[in-house]
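Input: a single structure, listed below in structure tokens.
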Amino acid sequence: MRGGFFLVFALGKCYNDFKCPLAGEGGSMSQKERVNLVFLLTVTVYIGLSFVVSSLPIRMPFAVNILVSQLGLVLVPALFAFQSGYTPAELGIKKLPFRAVVLIIVFSYTLQPVLTFLNALSQCFVDTPTTSQIISAADRIGFVEMFLLVAVTPAVLEEFVYRGIFFQSYSEMAVLPGAVLSGLLFGVMHGNLNQFFYAFFMGFAFSMVVYATGSLLSSMLMHLVINGTSTVLLYLLPKLTESLGAEGESLSAMAAEAQELTVSGVLRTYLLPAVFGLVLSVMVYRAIVSVCHRNEQLKAALSEKGKGKAFLGFFTLPLVAGCLCMIVLMVASELLG
């Protein structure tokens, strides 16, 4: 408990010291520097809360662990948004056309083979702690609770942080580099190497769909569809296997064998669907851009010069420090896991 009190005290002091520059008072820090500092403080709070929870003498329920991690993620960005006086429009909370909603749902599913490929490929080298925890928790909690924890909550809070705060800020300076950086931060904050790879790609795709629509609701919807579909399948597949009887048991045995992944096996099984899905997703993305009348904006973003230089220019000391902390945490978790 002392660690918890120390964390709260340190956070309060740190935020009070940086409150004015974070809000831009006196012009002492640029927008890039303020947002990068928000990221570093977010990493500090996230790691601190994780340490406090892991140090408790009792094991916290799955729901508590999820909510604490989400709190650690959103606390500092929410204070920053409040202090800076962000309006819903500035965060990108705007209504979506119905046709765009339909296309975004289709876009989410066309990306799924790519995500599956990246996930399977990473499993050839690293463990999947989060997936194992979710599967284990599904035996103890109901579908509705799991859906709220794994699909709804991250879709709202994580998109508010990564696309509402980080991407909206970075894209004002450079769109494509900002989308890549948003994906990178989204990946490292997942805290494990398995999720890093496909979360990186997801974060980039989410950012680009936000730019294509001009609405944060688009990435929230995508996030909800992808996580929600995984949650539905988590509960549906065991019931389907049971209803199929002997055939279901055979399929289950085949699935268990498939868990022993090799690079060559992943390439043979998942690469072609991933390429096909990627081609389809590009086509659907262009349709989204057209429906939202953002063709000229996207063309301008793609024709921006000095993208590499702009990307590297985002990396001030707080951003580098925050990323390094999370990378060290991911590597340590893999080595000690």
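Residues in the structure tokens are named by chain (A, B, ... in the order shown) and by number from 1 within that chain; ligands are numbered from 1 in the order shown.
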
Note to self: Need the shell around Ser54 of chain A: protein/DNA/RNA residues with any atom at most 12 Å away, counting only C-alpha atoms. Skip same-chain ones fewer than 2 positions apart. Format as a list in words?
What the structure shows: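 Everything that qualifies: Met1, Gly3, Gly4, Ile47, Gly48, Leu49, Ser50, Phe51, Val52, Leu56, Pro57, Ile58, Arg59, Met60, Pro61, Val64, Asn65, Val68 and Ser69 of chain A.
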
Notebook entry, point to check: With only C-alpha atoms as the atoms that count, which of A:Leu149, A:Val38, A:Met222, A:Ala137 lies nearest to Ile66 of chain A?
Noted result: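 Smallest distance to Ile66 of chain A is found for A:Leu149.
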
Check: If you count only C-alpha atoms, which residues fall within 9 Å of Leu185 of chain A, apart from same-chain ones fewer than 5 positions away, as a list in words?
Finding: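 That gives Phe39, Tyr162, Phe166, Val180, His190, Phe200, Gly203 and Cys323 of chain A.
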
Next item on the list: Might you pull out every residue within 8 Å of segment 41-45 of chain A, with only C-alpha atoms counted and same-chain residues fewer than 4 positions away left off, and present them as a PyMOL selection string?
Entry: chain A and resi 7+11+37+49+72-77+189+322+325-326

Item checked: One-decimal distance in Å that lies between atom CA of Leu261 of chain A and atom CA of Ser182 of chain A ->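 Separating atom CA of Ser182 of chain A from atom CA of Leu261 of chain A is a distance of 29.5 Å.
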
Item checked: Selection: 12 Å around segment 230-238 of chain A, only C-alpha atoms, excl. self and same-chain fewer than 2 positions, as a ChimeraX atom specification -> /A:109,112,115-116,131-132,134-152,223-228,240-245,248-249,251-252,255

Item checked: Backbone-only DSSP, alpha helix (DSSP H) members of segment 97-326 of chain A, as an MDAnalysis selection string -> chainID A and resid 98:123 129:137 143:147 153:159 168:171 175:188 193:213 216:244 246:258 263:291 295:302 307:313 317:326

Notebook entry, point to check: Leaving out segment 264-274 of chain A and any residue of its chain fewer than 2 positions from it, which residues lie within 9 Å of it when counting only C-alpha atoms, given as a list in words?
Noted result: Thr110, Leu111, Gln112, Pro113, Val114, Leu115, Thr116, Phe117, Leu118, Ala120, Leu121, Cys124, Ala258, Leu261, Thr262, Phe276, Gly277, Leu278 and Val279 of chain A

What lies within 7 Å of Gln123 of chain A using only C-alpha atoms, ignoring chain neighbours under 4 positions off, as a PDB file with C-alpha atoms, in the first residue's frame?
```pdb
ATOM      1  CA  ASN A 119      -0.149 -12.751 -34.541  1.00  0.00           C
ATOM      2  CA  ASP A 127       4.717 -16.259 -25.707  1.00  0.00           C
ATOM      3  CA  THR A 128       1.089 -15.063 -25.684  1.00  0.00           C
ATOM      4  CA  ASN A 194       3.278 -10.867 -29.152  1.00  0.00           C
ATOM      5  CA  LEU A 261       3.592 -22.870 -35.031  1.00  0.00           C
TER       6      LEU A 261
END
```

Item checked: Distance in Å - atom CA of Glu172 of chain A versus atom CA of Val101 of chain A ->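 Computing the Euclidean distance for atom CA of Glu172 of chain A and atom CA of Val101 of chain A yields 24.7 Å.
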
Item checked: d(atom CA of Val275 of chain A, atom CA of Ala300 of chain A) in Å ->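 Between these atoms lies a distance of 26.5 Å.
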
Note to self: I'd like to know which of A:Ile93, A:Val35, A:Val106, A:Val175 is closest to Ser281 of chain A, using only C-alpha atoms.
What the structure shows: A:Val106

Checklist line | Residue among A:Gly214, A:Pro88, A:Gly191, A:Pro318 lying closest to Ile288 of chain A, counting only C-alpha atoms | finding: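 Using only C-alpha atoms, the shortest distance to Ile288 of chain A belongs to A:Gly214.
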
Notebook entry, point to check: Taking only C-alpha atoms into account, which of A:Ala78, A:Ala155, A:Ile165, A:Leu184 comes nearest Val320 of chain A?
Noted result: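 Nearest to Val320 of chain A: A:Leu184.
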
Next item on the list: Identify which of the residues A:Gly92, A:Gly164, A:Pro177, A:Gly85 lies closest to Ala301 of chain A, counting only C-alpha atoms when measuring atom-to-atom distances.
Entry: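 Under the stated criterion, the closest residue is A:Pro177.
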
Margin query: Measuring between only C-alpha atoms, which one of A:Leu302, A:Leu193, A:Val284, A:Val263 shows the shortest distance to Ile327 of chain A?
Written below: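 The shortest atom-to-atom distance to Ile327 of chain A comes from A:Leu193.
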